[in-house]
Every structure is written in C-alpha cells, then in structure tokens.
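*Asks:* For reference, the file query.cif (mmCIF, N, CA and C atoms) is included below:
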data_my_file
#
loop_
_atom_site.label_atom_id
_atom_site.label_comp_id
_atom_site.auth_asym_id
_atom_site.auth_seq_id
_atom_site.Cartn_x
_atom_site.Cartn_y
_atom_site.Cartn_z
N MET A 46 -10.38 65.23 151.73
CA MET A 46 -9.11 65.59 152.33
C MET A 46 -8.36 66.50 151.38
N ARG A 47 -7.84 67.60 151.88
CA ARG A 47 -7.13 68.57 151.04
C ARG A 47 -5.63 68.47 151.30
N TYR A 48 -4.88 68.70 150.23
CA TYR A 48 -3.44 68.53 150.29
C TYR A 48 -2.74 69.80 149.80
N ARG A 49 -1.45 69.88 150.13
CA ARG A 49 -0.61 70.93 149.57
C ARG A 49 0.81 70.40 149.42
N PHE A 50 1.52 70.95 148.46
CA PHE A 50 2.91 70.57 148.22
C PHE A 50 3.81 71.43 149.11
N VAL A 51 4.86 70.82 149.62
CA VAL A 51 5.87 71.52 150.41
C VAL A 51 7.22 71.16 149.80
N PHE A 52 8.05 72.18 149.62
CA PHE A 52 9.38 71.97 149.07
C PHE A 52 10.43 72.47 150.06
N ASP A 53 11.41 71.62 150.37
CA ASP A 53 12.50 71.98 151.26
C ASP A 53 13.78 72.06 150.43
N GLU A 54 14.17 73.28 150.08
CA GLU A 54 15.33 73.45 149.19
C GLU A 54 16.63 72.98 149.81
N THR A 55 16.68 72.87 151.13
CA THR A 55 17.91 72.39 151.76
C THR A 55 18.13 70.90 151.51
N ARG A 56 17.11 70.21 151.06
CA ARG A 56 17.22 68.78 150.79
C ARG A 56 17.38 68.46 149.30
N CYS A 57 17.14 69.43 148.44
CA CYS A 57 17.15 69.21 146.99
C CYS A 57 18.57 69.18 146.44
N SER A 58 18.83 68.21 145.56
CA SER A 58 20.14 68.11 144.91
C SER A 58 20.04 68.39 143.41
N ALA A 59 18.87 68.80 142.95
CA ALA A 59 18.61 69.06 141.52
C ALA A 59 18.89 67.83 140.67
N CYS A 60 18.54 66.66 141.18
CA CYS A 60 18.78 65.42 140.45
C CYS A 60 17.83 65.25 139.27
N SER A 61 16.72 65.97 139.27
CA SER A 61 15.70 65.96 138.22
C SER A 61 14.86 64.69 138.18
N ALA A 62 14.92 63.86 139.22
CA ALA A 62 14.07 62.68 139.26
C ALA A 62 12.60 63.08 139.21
N CYS A 63 12.25 64.18 139.86
CA CYS A 63 10.86 64.66 139.87
C CYS A 63 10.40 65.05 138.47
N VAL A 64 11.29 65.64 137.71
CA VAL A 64 10.98 66.07 136.34
C VAL A 64 10.71 64.85 135.47
N VAL A 65 11.58 63.87 135.56
CA VAL A 65 11.44 62.65 134.76
C VAL A 65 10.17 61.90 135.15
N ALA A 66 9.90 61.81 136.46
CA ALA A 66 8.70 61.11 136.92
C ALA A 66 7.43 61.79 136.42
N CYS A 67 7.43 63.11 136.43
CA CYS A 67 6.29 63.87 135.92
C CYS A 67 6.08 63.57 134.43
N MET A 68 7.16 63.63 133.68
CA MET A 68 7.04 63.40 132.23
C MET A 68 6.56 61.98 131.94
N ASP A 69 7.06 61.03 132.73
CA ASP A 69 6.63 59.64 132.54
C ASP A 69 5.16 59.48 132.90
N GLN A 70 4.74 60.03 134.02
CA GLN A 70 3.36 59.92 134.48
C GLN A 70 2.39 60.54 133.48
N LYS A 71 2.77 61.65 132.89
CA LYS A 71 1.88 62.39 131.99
C LYS A 71 2.13 62.10 130.51
N ASP A 72 2.99 61.12 130.23
CA ASP A 72 3.32 60.75 128.84
C ASP A 72 3.76 61.95 128.02
N LEU A 73 4.70 62.72 128.57
CA LEU A 73 5.26 63.87 127.88
C LEU A 73 6.57 63.46 127.22
N TYR A 74 6.80 63.98 126.02
CA TYR A 74 7.97 63.59 125.23
C TYR A 74 8.81 64.81 124.88
N PRO A 75 9.97 64.98 125.55
CA PRO A 75 10.78 66.18 125.29
C PRO A 75 11.30 66.26 123.86
N LEU A 76 11.56 65.12 123.22
CA LEU A 76 12.04 65.17 121.84
C LEU A 76 10.97 65.65 120.87
N LYS A 77 9.73 65.56 121.30
CA LYS A 77 8.61 66.05 120.51
C LYS A 77 8.29 67.51 120.84
N GLY A 78 8.98 68.04 121.86
CA GLY A 78 8.75 69.43 122.24
C GLY A 78 7.89 69.61 123.48
N ASP A 79 7.45 68.52 124.08
CA ASP A 79 6.64 68.63 125.30
C ASP A 79 7.48 69.19 126.44
N LEU A 80 6.87 70.01 127.26
CA LEU A 80 7.52 70.55 128.45
C LEU A 80 6.97 69.86 129.69
N SER A 81 7.85 69.56 130.61
CA SER A 81 7.42 68.95 131.86
C SER A 81 6.66 69.98 132.69
N PHE A 82 5.78 69.49 133.53
CA PHE A 82 5.06 70.38 134.44
C PHE A 82 5.91 70.70 135.66
N ARG A 83 7.09 70.13 135.75
CA ARG A 83 8.04 70.39 136.85
C ARG A 83 9.41 70.59 136.23
N ARG A 84 10.20 71.48 136.83
CA ARG A 84 11.56 71.71 136.33
C ARG A 84 12.50 71.90 137.52
N CYS A 85 13.76 71.60 137.31
CA CYS A 85 14.78 71.82 138.33
C CYS A 85 15.68 72.96 137.88
N GLU A 86 16.02 73.81 138.82
CA GLU A 86 16.89 74.93 138.52
C GLU A 86 17.99 75.02 139.55
N THR A 87 19.14 75.50 139.10
CA THR A 87 20.27 75.76 139.98
C THR A 87 20.50 77.27 139.99
N ARG A 88 20.59 77.83 141.17
CA ARG A 88 20.82 79.27 141.29
C ARG A 88 22.06 79.51 142.13
N GLU A 89 22.82 80.48 141.70
CA GLU A 89 24.02 80.87 142.45
C GLU A 89 23.73 82.14 143.23
N GLU A 90 24.21 82.16 144.48
CA GLU A 90 24.05 83.34 145.31
C GLU A 90 25.39 83.68 145.95
N LEU A 91 25.66 84.96 146.03
CA LEU A 91 26.87 85.43 146.68
C LEU A 91 26.54 85.75 148.13
N LYS A 92 27.19 85.04 149.06
CA LYS A 92 26.98 85.26 150.49
C LYS A 92 28.34 85.35 151.15
N GLY A 93 28.62 86.48 151.77
CA GLY A 93 29.88 86.64 152.48
C GLY A 93 31.10 86.46 151.60
N GLY A 94 31.01 86.88 150.36
CA GLY A 94 32.12 86.76 149.44
C GLY A 94 32.30 85.36 148.84
N ARG A 95 31.39 84.46 149.13
CA ARG A 95 31.46 83.09 148.59
C ARG A 95 30.19 82.78 147.79
N ILE A 96 30.36 81.98 146.79
CA ILE A 96 29.21 81.57 145.97
C ILE A 96 28.58 80.33 146.59
N HIS A 97 27.28 80.40 146.78
CA HIS A 97 26.52 79.28 147.30
C HIS A 97 25.51 78.84 146.23
N MET A 98 25.33 77.55 146.10
CA MET A 98 24.38 77.01 145.13
C MET A 98 23.06 76.69 145.82
N ARG A 99 21.97 77.03 145.15
CA ARG A 99 20.63 76.66 145.60
C ARG A 99 20.02 75.80 144.51
N TYR A 100 19.40 74.74 144.91
CA TYR A 100 18.74 73.84 143.97
C TYR A 100 17.24 73.90 144.23
N LEU A 101 16.48 74.03 143.16
CA LEU A 101 15.04 74.18 143.28
C LEU A 101 14.29 73.24 142.35
N SER A 102 13.27 72.63 142.87
CA SER A 102 12.31 71.88 142.06
C SER A 102 11.08 72.76 142.00
N ILE A 103 10.72 73.19 140.80
CA ILE A 103 9.66 74.17 140.64
C ILE A 103 8.53 73.58 139.81
N GLY A 104 7.34 73.76 140.30
CA GLY A 104 6.14 73.30 139.60
C GLY A 104 4.94 73.95 140.24
N CYS A 105 3.79 73.54 139.85
CA CYS A 105 2.56 74.09 140.42
C CYS A 105 2.49 73.72 141.90
N MET A 106 2.26 74.72 142.72
CA MET A 106 2.14 74.50 144.16
C MET A 106 0.67 74.48 144.59
N HIS A 107 -0.26 74.56 143.64
CA HIS A 107 -1.69 74.49 143.92
C HIS A 107 -2.06 75.49 145.02
N CYS A 108 -1.70 76.73 144.75
CA CYS A 108 -1.81 77.83 145.71
C CYS A 108 -3.22 77.98 146.29
N GLU A 109 -3.26 78.39 147.54
CA GLU A 109 -4.53 78.66 148.20
C GLU A 109 -5.28 79.78 147.47
N SER A 110 -4.57 80.84 147.11
CA SER A 110 -5.15 81.95 146.33
C SER A 110 -4.54 81.88 144.94
N ALA A 111 -5.00 80.95 144.14
CA ALA A 111 -4.41 80.68 142.83
C ALA A 111 -4.76 81.77 141.82
N LYS A 112 -3.72 82.46 141.36
CA LYS A 112 -3.90 83.53 140.37
C LYS A 112 -4.45 82.98 139.06
N CYS A 113 -4.06 81.75 138.69
CA CYS A 113 -4.54 81.19 137.42
C CYS A 113 -6.06 81.10 137.39
N ILE A 114 -6.65 80.76 138.54
CA ILE A 114 -8.12 80.69 138.63
C ILE A 114 -8.70 82.09 138.44
N GLU A 115 -8.09 83.08 139.10
CA GLU A 115 -8.59 84.45 139.07
C GLU A 115 -8.52 85.09 137.69
N VAL A 116 -7.43 84.87 136.95
CA VAL A 116 -7.19 85.64 135.73
C VAL A 116 -7.65 84.96 134.44
N CYS A 117 -7.96 83.68 134.47
CA CYS A 117 -8.34 83.00 133.22
C CYS A 117 -9.69 83.50 132.72
N PRO A 118 -9.70 84.14 131.55
CA PRO A 118 -10.96 84.69 131.04
C PRO A 118 -11.94 83.61 130.57
N SER A 119 -11.44 82.39 130.38
CA SER A 119 -12.30 81.30 129.90
C SER A 119 -12.77 80.39 131.02
N GLY A 120 -12.29 80.63 132.23
CA GLY A 120 -12.70 79.80 133.37
C GLY A 120 -12.17 78.38 133.30
N CYS A 121 -10.99 78.21 132.75
CA CYS A 121 -10.43 76.86 132.58
C CYS A 121 -9.90 76.25 133.87
N PHE A 122 -9.56 77.07 134.85
CA PHE A 122 -8.96 76.58 136.09
C PHE A 122 -9.99 76.55 137.21
N PHE A 123 -9.90 75.54 138.05
CA PHE A 123 -10.83 75.39 139.17
C PHE A 123 -10.17 74.55 140.26
N ARG A 124 -10.70 74.63 141.45
CA ARG A 124 -10.16 73.87 142.57
C ARG A 124 -10.95 72.58 142.75
N ASP A 125 -10.24 71.49 142.83
CA ASP A 125 -10.85 70.19 143.11
C ASP A 125 -11.19 70.15 144.60
N GLU A 126 -12.44 70.03 144.92
CA GLU A 126 -12.87 70.08 146.32
C GLU A 126 -12.35 68.89 147.13
N GLU A 127 -12.15 67.76 146.49
CA GLU A 127 -11.69 66.57 147.22
C GLU A 127 -10.22 66.67 147.62
N THR A 128 -9.37 67.12 146.72
CA THR A 128 -7.93 67.16 146.99
C THR A 128 -7.42 68.56 147.31
N GLY A 129 -8.12 69.58 146.85
CA GLY A 129 -7.65 70.95 147.00
C GLY A 129 -6.73 71.38 145.87
N PHE A 130 -6.43 70.47 144.94
CA PHE A 130 -5.55 70.80 143.82
C PHE A 130 -6.24 71.76 142.84
N VAL A 131 -5.43 72.57 142.18
CA VAL A 131 -5.93 73.43 141.12
C VAL A 131 -5.88 72.62 139.84
N LEU A 132 -7.03 72.33 139.29
CA LEU A 132 -7.14 71.54 138.06
C LEU A 132 -7.55 72.44 136.91
N TYR A 133 -7.59 71.88 135.72
CA TYR A 133 -7.97 72.67 134.55
C TYR A 133 -8.73 71.81 133.56
N ASP A 134 -9.53 72.47 132.79
CA ASP A 134 -10.20 71.88 131.63
C ASP A 134 -9.97 72.90 130.52
N ASN A 135 -9.05 72.58 129.62
CA ASN A 135 -8.65 73.57 128.62
C ASN A 135 -9.51 73.54 127.35
N THR A 136 -10.68 72.95 127.43
CA THR A 136 -11.58 72.90 126.27
C THR A 136 -11.83 74.29 125.71
N ASP A 137 -12.05 75.26 126.58
CA ASP A 137 -12.36 76.62 126.15
C ASP A 137 -11.15 77.56 126.18
N CYS A 138 -9.94 77.01 126.38
CA CYS A 138 -8.73 77.83 126.48
C CYS A 138 -8.52 78.61 125.17
N ILE A 139 -8.23 79.91 125.31
CA ILE A 139 -7.98 80.76 124.14
C ILE A 139 -6.49 81.07 123.99
N SER A 140 -5.67 80.40 124.79
CA SER A 140 -4.21 80.52 124.72
C SER A 140 -3.71 81.95 124.93
N CYS A 141 -4.38 82.69 125.78
CA CYS A 141 -3.97 84.07 126.05
C CYS A 141 -2.74 84.13 126.96
N ARG A 142 -2.49 83.05 127.68
CA ARG A 142 -1.33 82.88 128.57
C ARG A 142 -1.35 83.79 129.79
N LYS A 143 -2.51 84.33 130.13
CA LYS A 143 -2.61 85.14 131.34
C LYS A 143 -2.28 84.31 132.58
N CYS A 144 -2.65 83.03 132.54
CA CYS A 144 -2.36 82.14 133.67
C CYS A 144 -0.85 82.04 133.89
N LEU A 145 -0.10 81.93 132.83
CA LEU A 145 1.35 81.83 132.91
C LEU A 145 1.96 83.15 133.39
N GLU A 146 1.45 84.25 132.89
CA GLU A 146 1.97 85.57 133.27
C GLU A 146 1.80 85.84 134.76
N GLU A 147 0.70 85.38 135.34
CA GLU A 147 0.39 85.67 136.74
C GLU A 147 0.89 84.62 137.73
N CYS A 148 1.26 83.46 137.26
CA CYS A 148 1.69 82.38 138.16
C CYS A 148 3.10 82.66 138.69
N PRO A 149 3.27 82.70 140.01
CA PRO A 149 4.60 82.97 140.57
C PRO A 149 5.59 81.82 140.32
N PHE A 150 5.09 80.66 139.95
CA PHE A 150 5.94 79.50 139.71
C PHE A 150 6.06 79.16 138.22
N GLU A 151 5.45 79.98 137.36
CA GLU A 151 5.43 79.74 135.91
C GLU A 151 5.02 78.31 135.60
N ALA A 152 3.98 77.85 136.30
CA ALA A 152 3.56 76.45 136.20
C ALA A 152 2.80 76.09 134.92
N PRO A 153 1.86 76.89 134.44
CA PRO A 153 1.19 76.50 133.21
C PRO A 153 2.16 76.47 132.02
N VAL A 154 1.97 75.52 131.14
CA VAL A 154 2.82 75.40 129.95
C VAL A 154 1.93 75.38 128.71
N PHE A 155 2.48 75.88 127.62
CA PHE A 155 1.77 75.88 126.34
C PHE A 155 2.06 74.57 125.62
N SER A 156 1.01 73.86 125.23
CA SER A 156 1.15 72.60 124.50
C SER A 156 1.11 72.88 123.00
N GLU A 157 2.18 72.54 122.33
CA GLU A 157 2.22 72.70 120.87
C GLU A 157 1.18 71.80 120.20
N ASP A 158 0.95 70.61 120.78
CA ASP A 158 -0.01 69.66 120.20
C ASP A 158 -1.43 70.21 120.20
N SER A 159 -1.87 70.69 121.36
CA SER A 159 -3.26 71.14 121.47
C SER A 159 -3.42 72.63 121.18
N GLY A 160 -2.31 73.39 121.26
CA GLY A 160 -2.40 74.83 121.08
C GLY A 160 -3.05 75.52 122.27
N LYS A 161 -3.03 74.82 123.43
CA LYS A 161 -3.67 75.34 124.63
C LYS A 161 -2.74 75.20 125.83
N MET A 162 -3.13 75.84 126.90
CA MET A 162 -2.35 75.77 128.13
C MET A 162 -2.69 74.49 128.89
N GLU A 163 -1.66 73.96 129.57
CA GLU A 163 -1.83 72.78 130.41
C GLU A 163 -1.03 73.01 131.69
N LYS A 164 -1.26 72.19 132.71
CA LYS A 164 -0.50 72.32 133.95
C LYS A 164 -0.59 71.04 134.77
N CYS A 165 0.21 71.02 135.80
CA CYS A 165 0.20 69.91 136.76
C CYS A 165 -1.18 69.78 137.38
N ASP A 166 -1.63 68.54 137.52
CA ASP A 166 -2.90 68.31 138.21
C ASP A 166 -2.68 67.65 139.57
N GLY A 167 -1.41 67.68 140.03
CA GLY A 167 -1.09 67.10 141.33
C GLY A 167 -1.19 65.58 141.35
N CYS A 168 -1.27 65.00 140.15
CA CYS A 168 -1.52 63.55 140.05
C CYS A 168 -2.76 63.20 140.88
N ALA A 169 -3.79 64.01 140.73
CA ALA A 169 -5.00 63.90 141.55
C ALA A 169 -5.57 62.49 141.57
N GLU A 170 -5.58 61.81 140.45
CA GLU A 170 -6.13 60.45 140.44
C GLU A 170 -5.28 59.49 141.27
N ARG A 171 -3.97 59.66 141.22
CA ARG A 171 -3.08 58.84 142.06
C ARG A 171 -3.38 59.10 143.54
N VAL A 172 -3.48 60.39 143.89
CA VAL A 172 -3.70 60.78 145.29
C VAL A 172 -5.05 60.26 145.78
N LYS A 173 -6.07 60.34 144.94
CA LYS A 173 -7.40 59.84 145.33
C LYS A 173 -7.39 58.34 145.59
N HIS A 174 -6.39 57.63 145.04
CA HIS A 174 -6.25 56.19 145.27
C HIS A 174 -5.18 55.87 146.31
N GLY A 175 -4.78 56.88 147.09
CA GLY A 175 -3.86 56.66 148.19
C GLY A 175 -2.39 56.66 147.83
N LEU A 176 -2.06 57.06 146.61
CA LEU A 176 -0.66 57.10 146.17
C LEU A 176 -0.15 58.54 146.21
N SER A 177 1.16 58.68 146.28
CA SER A 177 1.78 60.01 146.21
C SER A 177 1.84 60.46 144.76
N PRO A 178 1.87 61.77 144.52
CA PRO A 178 2.15 62.24 143.16
C PRO A 178 3.49 61.67 142.70
N ALA A 179 3.64 61.47 141.41
CA ALA A 179 4.85 60.85 140.87
C ALA A 179 6.11 61.59 141.29
N CYS A 180 6.08 62.92 141.26
CA CYS A 180 7.27 63.71 141.61
C CYS A 180 7.66 63.52 143.07
N VAL A 181 6.69 63.43 143.94
CA VAL A 181 6.94 63.24 145.37
C VAL A 181 7.47 61.83 145.63
N GLN A 182 6.86 60.86 144.97
CA GLN A 182 7.24 59.47 145.20
C GLN A 182 8.70 59.19 144.89
N VAL A 183 9.24 59.82 143.86
CA VAL A 183 10.61 59.50 143.44
C VAL A 183 11.69 60.37 144.07
N CYS A 184 11.32 61.42 144.79
CA CYS A 184 12.33 62.32 145.35
C CYS A 184 13.19 61.57 146.37
N PRO A 185 14.48 61.38 146.04
CA PRO A 185 15.32 60.55 146.91
C PRO A 185 15.68 61.19 148.25
N PHE A 186 15.50 62.50 148.39
CA PHE A 186 15.88 63.18 149.62
C PHE A 186 14.68 63.80 150.34
N ASP A 187 13.48 63.46 149.91
CA ASP A 187 12.24 63.99 150.50
C ASP A 187 12.19 65.52 150.49
N ALA A 188 12.78 66.12 149.47
CA ALA A 188 12.73 67.57 149.34
C ALA A 188 11.34 68.03 148.94
N LEU A 189 10.63 67.20 148.22
CA LEU A 189 9.29 67.50 147.75
C LEU A 189 8.34 66.57 148.48
N GLN A 190 7.35 67.16 149.14
CA GLN A 190 6.40 66.36 149.90
C GLN A 190 4.98 66.85 149.69
N LEU A 191 4.05 65.96 149.90
CA LEU A 191 2.63 66.30 149.85
C LEU A 191 2.11 66.09 151.26
N ILE A 192 1.52 67.13 151.82
CA ILE A 192 0.99 67.01 153.18
C ILE A 192 -0.50 67.36 153.20
N GLU A 193 -1.18 66.84 154.20
CA GLU A 193 -2.59 67.14 154.37
C GLU A 193 -2.73 68.49 155.05
N ASN A 194 -3.70 69.27 154.58
CA ASN A 194 -3.98 70.57 155.21
C ASN A 194 -4.72 70.37 156.50
#
Take the structure in the file and give it back as structure tokens.
*Replies:*
Amino acid sequence: MRYRFVFDETRCSACSACVVACMDQKDLYPLKGDLSFRRCETREELKGGRIHMRYLSIGCMHCESAKCIEVCPSGCFFRDEETGFVLYDNTDCISCRKCLEECPFEAPVFSEDSGKMEKCDGCAERVKHGLSPACVQVCPFDALQLIEN
C-alpha cells in the first residue's frame, strides 16, 4: 500500500506539535544541535491592503518525482515499494547537499553527528504496523494527514 502526505494550511495553527513529535520519535535533541525533519513557519501576506497570516508545517512530502533521488550522486535515496516513502541510506553520503539544494521543501538536513545528510522516513516502520506517522498523529486540527494513493 502506498501513501502520501497531504497538508491543509487552512487548518494549521503553527502549534509545532508535529515538530516536537518528529523530534521525539527520531530522538533528536535541539540543544545538541539536531534539526527536526519537520518545521513550522508563519508567513505574512498582503491581501487587499490587509495582512493575512499563513501557517505552514513543512517537511518531506515523499514526492512522486523526488528530486533527491534524481540528484544524489551516491544513490543514497530510494523509494520504499511498500509505503511509497522516499527513504535513505546515508552510508555512502558525501555531504554534497545536492539533495537539499533541489528539494522544494528543504527536507534533507545535515547531521553534525554523522557529517551526512538525513531526512524524514515517513515513520515507515510505524506505518507498516498500522500506526500514523508521529507528526500526523499529534496534529490537533488534522492539518497534516497521511492518505493512501
């Protein structure tokens, strides 16, 4: 069964629950310099002379035509046939950051610990056991969802 992430910005309040859940699930420590695989952003837009706020939860969307797979010279990125998620094995990563440069969501992150690129794996093991990804599970307004293709 293949899945994809869907984000509805009209439901997002930028509460950052998804960010915290991701960091908890992946044992990431911000005080140590770890970056979450998901981030929340607030954007201001001028519409009709008034400022409107947009809230976004941004992370890997496991794109159908994933640029990270195409541009990685080491072949670190691949599609999981069971879930459809874009996964990685950074054993051969040369830290060129081409994946980050080409990703429209700036999803890959550089790990200071390993000196290599890392990214969201869609909580593939959770999904394979019938659970939602951590970020989806905690979203209080269902702005972030995982749906079957």
*Asks:* Grab the atom C of Leu189 in chain A to atom N of Ser159 in chain A distance for me, in Å with one decimal place.
*Replies:* 29.3 Å
*Asks:* Tell me, in Å to one decimal, how far atom N of Cys85 in chain A is from atom N of Arg99 in chain A.
*Replies:*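 Going from atom N of Cys85 in chain A over to atom N of Arg99 in chain A, I get 12.6 Å.
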*Asks:* Have a look at A:Leu91, A:Met68, A:Met98, A:Cys148 and name the one nearest to Lys112 in chain A; count only N, CA and C atoms.
*Replies:* A:Cys148
*Asks:* Considering all atoms listed in the file, can you say which of A:Arg83, A:Lys71, A:Lys173, A:Ile103 comes closest to Glu127 in chain A?
*Replies:*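 Nearest candidate to Glu127 in chain A out of A:Arg83, A:Lys71, A:Lys173, A:Ile103: A:Lys173.
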*Asks:* I'd like the neighbourhood of Tyr48 in chain A as a VMD selection string, where a residue qualifies if any of its atoms comes within 8 Å (using only N, CA and C atoms), though same-chain residues fewer than 4 positions away should be ignored.
*Replies:* chain A and resid 106 to 107 127 to 130 191 to 194
*Asks:* How close does each residue of range 77-111 of chain A get to range 52-60 of chain A, giving the shortest atom pair and distance in Å to one decimal for every residue with an atom at most 7 Å away, counting only N, CA and C atoms, sorted by chain and residue number, as JSON lines?
*Replies:*
{"residue": "A:Cys85", "atom": "CA", "partner": "A:Ala59", "partner_atom": "CA", "distance": 5.7}
{"residue": "A:Glu86", "atom": "N", "partner": "A:Ala59", "partner_atom": "CA", "distance": 6.0}
{"residue": "A:Thr87", "atom": "N", "partner": "A:Ala59", "partner_atom": "CA", "distance": 6.9}
{"residue": "A:Arg99", "atom": "CA", "partner": "A:Glu54", "partner_atom": "C", "distance": 6.9}
{"residue": "A:Tyr100", "atom": "CA", "partner": "A:Ala59", "partner_atom": "N", "distance": 5.1}
{"residue": "A:Leu101", "atom": "N", "partner": "A:Ala59", "partner_atom": "CA", "distance": 5.7}
{"residue": "A:Ser102", "atom": "N", "partner": "A:Ala59", "partner_atom": "CA", "distance": 6.6}
*Asks:* Could you tell me, as a ChimeraX atom specification, exactly which residues end up selected when the PyMOL selection byres (((chain A and resi 138-140 and name CA) around 12) and name CA) is applied to this structure?
*Replies:* /A:117-122,133-137,141-146,153-157,159-163
*Asks:* I would like the residues chosen by the PyMOL selection byres ((chain A and resi 179) around 6) on the shown file; could you give them as a PyMOL selection string?
*Replies:* chain A and resi 63+66-67+168+177-178+180-183
*Asks:* Please compute the CA of Ser110 in chain A-atom C of Phe123 in chain A distance, one decimal, in Å.
*Replies:*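 Those two atoms sit 10.8 Å apart.
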*Asks:* DSSP on the backbone: which residues in range 99-139 of chain A end up as alpha helix (DSSP H)? Give the answer as a list of chain:residue names.
*Replies:*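 The residues of range 99-139 of chain A classed as alpha helix (DSSP H) are A:Lys112, A:Cys113, A:Ile114, A:Glu115, A:Val116.
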*Asks:* Would you please give, as a ChimeraX atom specification, all residues of range 79-189 of chain A that DSSP assigns to strand (DSSP E) based on the backbone?
*Replies:* /A:83-92,95-104,122-124,131-133,154-156,161-163,189
*Asks:* Write the residues you've just listed into a file as a JSON list (two decimals), in the coordinates of the input, and include N, CA and C atoms for each of them.
*Replies:*
[["chain", "number", "residue", "atom", "x", "y", "z"],
["A", 83, "ARG", "N", 7.09, 70.13, 135.75],
["A", 83, "ARG", "CA", 8.04, 70.39, 136.85],
["A", 83, "ARG", "C", 9.41, 70.59, 136.23],
["A", 84, "ARG", "N", 10.20, 71.48, 136.83],
["A", 84, "ARG", "CA", 11.56, 71.71, 136.33],
["A", 84, "ARG", "C", 12.50, 71.90, 137.52],
["A", 85, "CYS", "N", 13.76, 71.60, 137.31],
["A", 85, "CYS", "CA", 14.78, 71.82, 138.33],
["A", 85, "CYS", "C", 15.68, 72.96, 137.88],
["A", 86, "GLU", "N", 16.02, 73.81, 138.82],
["A", 86, "GLU", "CA", 16.89, 74.93, 138.52],
["A", 86, "GLU", "C", 17.99, 75.02, 139.55],
["A", 87, "THR", "N", 19.14, 75.50, 139.10],
["A", 87, "THR", "CA", 20.27, 75.76, 139.98],
["A", 87, "THR", "C", 20.50, 77.27, 139.99],
["A", 88, "ARG", "N", 20.59, 77.83, 141.17],
["A", 88, "ARG", "CA", 20.82, 79.27, 141.29],
["A", 88, "ARG", "C", 22.06, 79.51, 142.13],
["A", 89, "GLU", "N", 22.82, 80.48, 141.70],
["A", 89, "GLU", "CA", 24.02, 80.87, 142.45],
["A", 89, "GLU", "C", 23.73, 82.14, 143.23],
["A", 90, "GLU", "N", 24.21, 82.16, 144.48],
["A", 90, "GLU", "CA", 24.05, 83.34, 145.31],
["A", 90, "GLU", "C", 25.39, 83.68, 145.95],
["A", 91, "LEU", "N", 25.66, 84.96, 146.03],
["A", 91, "LEU", "CA", 26.87, 85.43, 146.68],
["A", 91, "LEU", "C", 26.54, 85.75, 148.13],
["A", 92, "LYS", "N", 27.19, 85.04, 149.06],
["A", 92, "LYS", "CA", 26.98, 85.26, 150.49],
["A", 92, "LYS", "C", 28.34, 85.35, 151.15],
["A", 95, "ARG", "N", 31.39, 84.46, 149.13],
["A", 95, "ARG", "CA", 31.46, 83.09, 148.59],
["A", 95, "ARG", "C", 30.19, 82.78, 147.79],
["A", 96, "ILE", "N", 30.36, 81.98, 146.79],
["A", 96, "ILE", "CA", 29.21, 81.57, 145.97],
["A", 96, "ILE", "C", 28.58, 80.33, 146.59],
["A", 97, "HIS", "N", 27.28, 80.40, 146.78],
["A", 97, "HIS", "CA", 26.52, 79.28, 147.30],
["A", 97, "HIS", "C", 25.51, 78.84, 146.23],
["A", 98, "MET", "N", 25.33, 77.55, 146.10],
["A", 98, "MET", "CA", 24.38, 77.01, 145.13],
["A", 98, "MET", "C", 23.06, 76.69, 145.82],
["A", 99, "ARG", "N", 21.97, 77.03, 145.15],
["A", 99, "ARG", "CA", 20.63, 76.66, 145.60],
["A", 99, "ARG", "C", 20.02, 75.80, 144.51],
["A", 100, "TYR", "N", 19.40, 74.74, 144.91],
["A", 100, "TYR", "CA", 18.74, 73.84, 143.97],
["A", 100, "TYR", "C", 17.24, 73.90, 144.23],
["A", 101, "LEU", "N", 16.48, 74.03, 143.16],
["A", 101, "LEU", "CA", 15.04, 74.18, 143.28],
["A", 101, "LEU", "C", 14.29, 73.24, 142.35],
["A", 102, "SER", "N", 13.27, 72.63, 142.87],
["A", 102, "SER", "CA", 12.31, 71.88, 142.06],
["A", 102, "SER", "C", 11.08, 72.76, 142.00],
["A", 103, "ILE", "N", 10.72, 73.19, 140.80],
["A", 103, "ILE", "CA", 9.66, 74.17, 140.64],
["A", 103, "ILE", "C", 8.53, 73.58, 139.81],
["A", 104, "GLY", "N", 7.34, 73.76, 140.30],
["A", 104, "GLY", "CA", 6.14, 73.30, 139.60],
["A", 104, "GLY", "C", 4.94, 73.95, 140.24],
["A", 122, "PHE", "N", -9.56, 77.07, 134.85],
["A", 122, "PHE", "CA", -8.96, 76.58, 136.09],
["A", 122, "PHE", "C", -9.99, 76.55, 137.21],
["A", 123, "PHE", "N", -9.90, 75.54, 138.05],
["A", 123, "PHE", "CA", -10.83, 75.39, 139.17],
["A", 123, "PHE", "C", -10.17, 74.55, 140.26],
["A", 124, "ARG", "N", -10.70, 74.63, 141.45],
["A", 124, "ARG", "CA", -10.16, 73.87, 142.57],
["A", 124, "ARG", "C", -10.95, 72.58, 142.75],
["A", 131, "VAL", "N", -5.43, 72.57, 142.18],
["A", 131, "VAL", "CA", -5.93, 73.43, 141.12],
["A", 131, "VAL", "C", -5.88, 72.62, 139.84],
["A", 132, "LEU", "N", -7.03, 72.33, 139.29],
["A", 132, "LEU", "CA", -7.14, 71.54, 138.06],
["A", 132, "LEU", "C", -7.55, 72.44, 136.91],
["A", 133, "TYR", "N", -7.59, 71.88, 135.72],
["A", 133, "TYR", "CA", -7.97, 72.67, 134.55],
["A", 133, "TYR", "C", -8.73, 71.81, 133.56],
["A", 154, "VAL", "N", 1.97, 75.52, 131.14],
["A", 154, "VAL", "CA", 2.82, 75.40, 129.95],
["A", 154, "VAL", "C", 1.93, 75.38, 128.71],
["A", 155, "PHE", "N", 2.48, 75.88, 127.62],
["A", 155, "PHE", "CA", 1.77, 75.88, 126.34],
["A", 155, "PHE", "C", 2.06, 74.57, 125.62],
["A", 156, "SER", "N", 1.01, 73.86, 125.23],
["A", 156, "SER", "CA", 1.15, 72.60, 124.50],
["A", 156, "SER", "C", 1.11, 72.88, 123.00],
["A", 161, "LYS", "N", -3.03, 74.82, 123.43],
["A", 161, "LYS", "CA", -3.67, 75.34, 124.63],
["A", 161, "LYS", "C", -2.74, 75.20, 125.83],
["A", 162, "MET", "N", -3.13, 75.84, 126.90],
["A", 162, "MET", "CA", -2.35, 75.77, 128.13],
["A", 162, "MET", "C", -2.69, 74.49, 128.89],
["A", 163, "GLU", "N", -1.66, 73.96, 129.57],
["A", 163, "GLU", "CA", -1.83, 72.78, 130.41],
["A", 163, "GLU", "C", -1.03, 73.01, 131.69],
["A", 189, "LEU", "N", 10.63, 67.20, 148.22],
["A", 189, "LEU", "CA", 9.29, 67.50, 147.75],
["A", 189, "LEU", "C", 8.34, 66.57, 148.48]]
*Asks:* Calculated over only C-alpha atoms, which of the candidates A:Cys105, A:Ser61, A:Gly94, A:Ala111 has the smallest distance to Gly167 in chain A?
*Replies:*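 Among A:Cys105, A:Ser61, A:Gly94, A:Ala111, it is A:Cys105 that comes nearest to Gly167 in chain A.
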